[in-house]
Amino acid sequence: ESHRRRGLTPPSAPLTHWPPCRRYIPFFLILFMYFSGCFTACKGESVMPGPALLLVAPSGLYYWYLVTEGQIFILFIFTFFAMLALVLHQKRKRLFLDSNGLFLFSSFALTLLLVALWVAWLWNDPVLRKKYPGVIYVPEPWAFYTLHVSSHH
């Protein structure tokens, strides 16, 4: 009770009181840890099977939605560049991504492309620009939907 009067959040506050990015840190950390084990010394194992190629698009779309709707672009881009740095470091050791690593890295690369296209498409939208001010402009799909799609029905 005294915490509420002073405007303090008790230490046992649920995750809903955290900034959006912080609750995704464990998720991206686990993804990166998993990715760090996806290397092989055999170049022949560094091939993604055909069915996996078909799943890169839905996976990239899922991460695009997660990044844009969750407003976690900074965490995503940091994870992507950490993955890229790891790939370049392992390449010097003559280690290559296995099929799982290729899938995850391809999904993240596609996500980055989709986010860039999304931002470029909505770059000059005055209403969304006002709603998402600042250097990093990544509008939420739901905001776009409510502003431009649902209002026309």
# chains A, B, ... in the order shown; residues from 1 in each chain; ligands from 1
$ residues_around --residues "segment 52-65 of chain A" --least-positions-apart "3" --cutoff "12 Å" --atoms "only C-alpha atoms" --output "PyMOL selection string"
chain A and resi 27-28+47-49+68-73+76-77+80+99-119+138-142
$ write_last_selection --atoms "N, CA and C atoms" --output "compact mmCIF listing (two decimals), in the first residue's frame"
# COMPACT_ATOMS: atom_id res chain seq x y z
N PHE A 27 13.98 -14.48 -24.42
CA PHE A 27 13.66 -15.15 -25.68
C PHE A 27 14.80 -15.00 -26.69
N PHE A 28 15.27 -13.78 -26.90
CA PHE A 28 16.34 -13.56 -27.86
C PHE A 28 17.67 -14.11 -27.37
N VAL A 47 23.72 -26.92 -45.68
CA VAL A 47 22.69 -26.81 -46.71
C VAL A 47 21.33 -26.93 -46.03
N MET A 48 20.41 -26.08 -46.46
CA MET A 48 19.07 -26.14 -45.90
C MET A 48 18.20 -27.02 -46.80
N PRO A 49 17.50 -28.01 -46.24
CA PRO A 49 16.61 -28.86 -47.05
C PRO A 49 15.49 -28.04 -47.70
N THR A 68 7.63 -5.74 -34.96
CA THR A 68 6.88 -4.50 -35.17
C THR A 68 5.78 -4.31 -34.13
N GLU A 69 4.99 -5.31 -33.89
CA GLU A 69 3.89 -5.16 -32.93
C GLU A 69 4.42 -5.09 -31.50
N GLY A 70 5.50 -5.80 -31.23
CA GLY A 70 6.08 -5.78 -29.89
C GLY A 70 6.99 -4.59 -29.65
N GLN A 71 7.28 -3.82 -30.70
CA GLN A 71 8.16 -2.65 -30.60
C GLN A 71 9.51 -3.02 -29.98
N ILE A 72 10.12 -4.07 -30.55
CA ILE A 72 11.39 -4.57 -30.02
C ILE A 72 12.49 -4.56 -31.09
N PHE A 73 12.46 -3.57 -31.96
CA PHE A 73 13.42 -3.52 -33.06
C PHE A 73 14.86 -3.46 -32.55
N PHE A 76 15.96 -6.86 -31.48
CA PHE A 76 16.08 -7.71 -32.66
C PHE A 76 17.35 -7.39 -33.45
N ILE A 77 17.61 -6.13 -33.72
CA ILE A 77 18.76 -5.76 -34.55
C ILE A 77 20.06 -6.08 -33.81
N PHE A 80 20.48 -9.79 -34.25
CA PHE A 80 20.87 -10.10 -35.62
C PHE A 80 22.35 -9.79 -35.86
N SER A 99 22.07 -26.67 -41.03
CA SER A 99 20.74 -26.35 -41.59
C SER A 99 19.87 -25.57 -40.61
N ASN A 100 19.97 -25.87 -39.32
CA ASN A 100 19.18 -25.14 -38.33
C ASN A 100 19.65 -23.69 -38.22
N GLY A 101 20.96 -23.49 -38.21
CA GLY A 101 21.50 -22.15 -38.16
C GLY A 101 21.17 -21.35 -39.41
N LEU A 102 21.24 -22.00 -40.57
CA LEU A 102 20.87 -21.33 -41.81
C LEU A 102 19.41 -20.91 -41.79
N PHE A 103 18.55 -21.77 -41.27
CA PHE A 103 17.14 -21.46 -41.19
C PHE A 103 16.90 -20.23 -40.29
N LEU A 104 17.50 -20.23 -39.11
CA LEU A 104 17.30 -19.12 -38.18
C LEU A 104 17.89 -17.83 -38.74
N PHE A 105 19.09 -17.91 -39.29
CA PHE A 105 19.73 -16.71 -39.84
C PHE A 105 18.94 -16.19 -41.05
N SER A 106 18.46 -17.08 -41.90
CA SER A 106 17.65 -16.66 -43.05
C SER A 106 16.34 -16.03 -42.60
N SER A 107 15.73 -16.58 -41.57
CA SER A 107 14.49 -16.01 -41.04
C SER A 107 14.74 -14.60 -40.51
N PHE A 108 15.84 -14.40 -39.80
CA PHE A 108 16.16 -13.09 -39.27
C PHE A 108 16.50 -12.11 -40.39
N ALA A 109 17.22 -12.57 -41.41
CA ALA A 109 17.55 -11.70 -42.55
C ALA A 109 16.28 -11.27 -43.27
N LEU A 110 15.35 -12.20 -43.48
CA LEU A 110 14.08 -11.87 -44.12
C LEU A 110 13.29 -10.90 -43.24
N THR A 111 13.32 -11.10 -41.94
CA THR A 111 12.63 -10.19 -41.02
C THR A 111 13.18 -8.78 -41.15
N LEU A 112 14.50 -8.66 -41.21
CA LEU A 112 15.11 -7.35 -41.36
C LEU A 112 14.67 -6.69 -42.66
N LEU A 113 14.61 -7.46 -43.73
CA LEU A 113 14.14 -6.93 -45.01
C LEU A 113 12.68 -6.49 -44.91
N LEU A 114 11.83 -7.31 -44.29
CA LEU A 114 10.41 -6.97 -44.15
C LEU A 114 10.21 -5.72 -43.29
N VAL A 115 10.97 -5.59 -42.22
CA VAL A 115 10.87 -4.39 -41.37
C VAL A 115 11.31 -3.17 -42.16
N ALA A 116 12.39 -3.28 -42.92
CA ALA A 116 12.87 -2.16 -43.73
C ALA A 116 11.82 -1.75 -44.76
N LEU A 117 11.20 -2.72 -45.41
CA LEU A 117 10.15 -2.42 -46.39
C LEU A 117 8.93 -1.78 -45.72
N TRP A 118 8.57 -2.28 -44.56
CA TRP A 118 7.44 -1.75 -43.79
C TRP A 118 7.67 -0.29 -43.42
N VAL A 119 8.86 -0.01 -42.90
CA VAL A 119 9.21 1.36 -42.50
C VAL A 119 9.26 2.27 -43.73
N VAL A 138 9.29 2.53 -36.22
CA VAL A 138 8.77 1.22 -36.62
C VAL A 138 7.31 1.15 -36.16
N PRO A 139 6.39 1.53 -37.05
CA PRO A 139 4.98 1.52 -36.65
C PRO A 139 4.44 0.12 -36.43
N GLU A 140 3.50 0.02 -35.51
CA GLU A 140 2.86 -1.26 -35.22
C GLU A 140 1.84 -1.59 -36.31
N PRO A 141 1.75 -2.86 -36.72
CA PRO A 141 0.73 -3.24 -37.70
C PRO A 141 -0.69 -2.92 -37.22
N TRP A 142 -0.94 -3.09 -35.91
CA TRP A 142 -2.28 -2.83 -35.40
C TRP A 142 -2.63 -1.35 -35.53
$ select_by_dssp --residues "chain A" --states "helix (DSSP H, G or I)" --output "number ranges by chain"
A: 2-5, 15-17, 22-36, 43-45, 50-69, 73-92, 99-121, 126-131, 141-152
$ atom_distance --atom1 "atom CA of Ile136 of chain A" --atom2 "atom CA of Ile74 of chain A"
8.6 Å
$ closest_residue --among "A:Cys21, A:Phe144, A:Lys93, A:Ser150" --to "Phe78 of chain A" --atoms "only C-alpha atoms"
A:Cys21
$ atom_distance --atom1 "atom CA of Leu97 of chain A" --atom2 "atom CA of Ile25 of chain A"
23.4 Å
$ atom_distance --atom1 "atom CA of Lys131 of chain A" --atom2 "atom CA of Arg22 of chain A"
21.4 Å
$ select_by_dssp --residues "chain A" --states "strand (DSSP E or B)" --output "ChimeraX atom specification"
/A:39-40,96-97
